[in-house]
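Here is the structure we will look at, set down as structure tokens.
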Amino acid sequence: MVEKVYITYNQVHKLCQASADRILNDFQPNLIIAIGGGGYVPARILRSFIKRPGSANIPIQAIGLSLYEDLGKNGPVEEPGTKVTRTQWLDLSSLEMSNLVGKNILIVDEVDDTRTTLEYAVKELEKDVEAARQKLGRGEEKTRFSIFVLHNKDKEKKGHLPPEMMDEDRYLAARTVSDVWICYPWEATDIDEHDRLAISQPSF
Ligand code: 5GP
């Protein structure tokens with residue numbers, strides 16, 4: 001059985017707080033893209049910590065991605081969770097996409113497990129931004145993506161991120177953890193029980 005680890009809202013809050021300086025100084029995001037549903041709460045908490053006095057709140061956009069099992073005629077043909085499907089995407093019809101060209105964009109999710117979702121998100125967002133850049137004739141303006149996750153599982157990854165993103169340290173995990181199953185508070189149906197389980201476990 002995979003070990004379960006319970007994380008409280010308080011812990012999520014503090015993980016965002018502890019990462020805020022680094023994000024503000026190194027990534028300087030103009031826009032946050034939260035991967036739903038696990039990225040929503042961390043993205044919103046983080047926004048408060050990286051707000052500069054006197055400047056506007058950093059906008060948060062949401063995309064929805066889920067991993068699914070590809071079923072063939074004779075049963076599963078792919079390992080579970082190897083394909084990503086979009087359940088929600090940026091509205092390309094609006095001016096939003098032009099606003100992404102030349103910006104620093106922070107992608108936020110709760111956990112980097114096999115990295116399949118993050119690989120998909122970065123690749124697809126890069127494609128969309130490149131298409132927008134060409135359409136708008138915006139020369140060599142570069143859009144820089146960075147990533148923040150609460151937890152990165154220390155395991156072999158199926159997905160890969162652009163080497164320059166790793167080389168330039170544009171990937172930040174608040175915690176690197178072993179290959180456990182993390183129970184986040186927003187998934188709990190009984191938050192008091194969830195918090196009790198979190199308190200009773202060895203510190204994580
Ligand atoms: P990936 O394998 O693509 O890195 O992770 C895909 C998604 O699986 C994550 O965004 C998250 O929704 C879910 N996931 C993976 N590991 C965990 C975990 O330990 N706990 C929870 N709650 N979700 C997880």
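We name chains A, B, ... following the order of the structure tokens; residues begin at 1 in each chain, and ligands are numbered from 1 as shown.
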Open item on the list: Neighbouring residues of ligand 1 are defined here as those with any atom at most 7 Å from a ligand atom, counting only C-alpha atoms and all ligand atoms; list them as a count of residues only.
Closed with: 18
Open item on the list: Among stretch 42-200 of chain A, which residues does DSSP mark as strand (DSSP E) when it is run on the backbone? Keep the chain and numbering as in the structure and answer as a PyMOL selection string.
Closed with: chain A and resi 60-68+71-72+75-76+83-88+104-112+144-153+171-177+181-183
Would you put the residues from that selection into a file with C-alpha atoms, as a compact mmCIF listing (two decimals), in the first residue's frame?
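Output contents, as saved in selection10.txt:
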```txt
# COMPACT_ATOMS: atom_id res chain seq x y z
CA ILE A 60 -4.57 34.27 -12.46
CA GLN A 61 -5.77 32.24 -15.44
CA ALA A 62 -6.92 28.65 -15.11
CA ILE A 63 -6.40 25.64 -17.32
CA GLY A 64 -7.86 22.21 -16.59
CA LEU A 65 -5.89 19.08 -17.39
CA SER A 66 -6.47 15.50 -16.42
CA LEU A 67 -4.62 12.28 -16.95
CA TYR A 68 -6.66 9.45 -18.39
CA LEU A 71 -8.73 2.05 -23.48
CA GLY A 72 -8.29 -0.02 -26.64
CA GLY A 75 -8.44 -3.44 -22.73
CA PRO A 76 -5.95 -0.82 -21.67
CA LYS A 83 -2.34 10.79 -21.72
CA VAL A 84 -3.42 14.25 -20.87
CA THR A 85 -6.73 15.72 -21.84
CA ARG A 86 -7.76 19.37 -21.66
CA THR A 87 -10.89 20.06 -19.66
CA GLN A 88 -10.38 23.82 -19.78
CA ASN A 104 6.89 36.01 -17.54
CA ILE A 105 4.33 33.32 -16.89
CA LEU A 106 4.27 31.22 -13.74
CA ILE A 107 2.56 27.84 -14.03
CA VAL A 108 1.30 26.56 -10.68
CA ASP A 109 0.24 23.03 -9.75
CA GLU A 110 0.07 21.19 -6.47
CA VAL A 111 2.25 18.18 -7.20
CA ASP A 112 4.76 17.01 -9.79
CA ARG A 144 9.45 32.98 -20.21
CA PHE A 145 7.69 30.15 -18.42
CA SER A 146 8.49 29.10 -14.90
CA ILE A 147 6.91 26.47 -12.67
CA PHE A 148 5.95 26.33 -9.02
CA VAL A 149 4.64 23.19 -7.31
CA LEU A 150 4.09 22.51 -3.63
CA HIS A 151 5.55 19.00 -3.85
CA ASN A 152 7.87 17.26 -6.27
CA LYS A 153 8.08 13.49 -5.93
CA TYR A 171 11.42 25.26 -11.73
CA LEU A 172 10.67 25.49 -8.05
CA ALA A 173 9.21 22.84 -5.75
CA ALA A 174 8.54 23.99 -2.19
CA ARG A 175 9.29 20.44 -1.02
CA THR A 176 10.84 17.39 -2.62
CA VAL A 177 9.29 14.26 -1.17
CA TRP A 181 0.35 9.72 -1.92
CA ILE A 182 -0.33 13.25 -0.73
CA CYS A 183 -3.83 14.08 0.52
```
Open item on the list: What's around A:Glu187 at 12 Å? Count only C-alpha atoms, leave out sequence neighbours fewer than 5 positions away in its own chain, and write the answer as a ChimeraX atom specification.
Closed with: /A:6-9,37-38,41,110,182,194
Residues near stretch 15-19 of chain A, anyone? I mean within 6 Å using only C-alpha atoms, not counting same-chain ones fewer than 3 positions away, as a short mmCIF file (atom, residue, chain, number, x, y, z; two decimals) with N, CA and C atoms, in the first residue's frame.
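File written: part_8.cif
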```cif
data_model
loop_
_atom_site.label_atom_id
_atom_site.label_comp_id
_atom_site.auth_asym_id
_atom_site.auth_seq_id
_atom_site.Cartn_x
_atom_site.Cartn_y
_atom_site.Cartn_z
N VAL A 12 -0.01 24.30 3.47
CA VAL A 12 0.01 24.79 2.08
C VAL A 12 0.34 26.28 2.08
N ARG A 22 11.68 33.87 -3.58
CA ARG A 22 12.36 33.31 -4.75
C ARG A 22 11.55 33.57 -6.03
N LEU A 46 -0.35 32.21 -3.18
CA LEU A 46 0.93 32.77 -3.64
C LEU A 46 0.77 34.21 -4.10
N ALA A 174 8.37 23.58 -3.59
CA ALA A 174 8.54 23.99 -2.19
C ALA A 174 9.14 22.84 -1.37
#
```
Open item on the list: I need the residues in chain A that are helix (DSSP H, G or I) according to DSSP; give them as a PyMOL selection string.
Closed with: chain A and resi 9-27+40-49+96-100+116-136+163-167+185-187+191-200
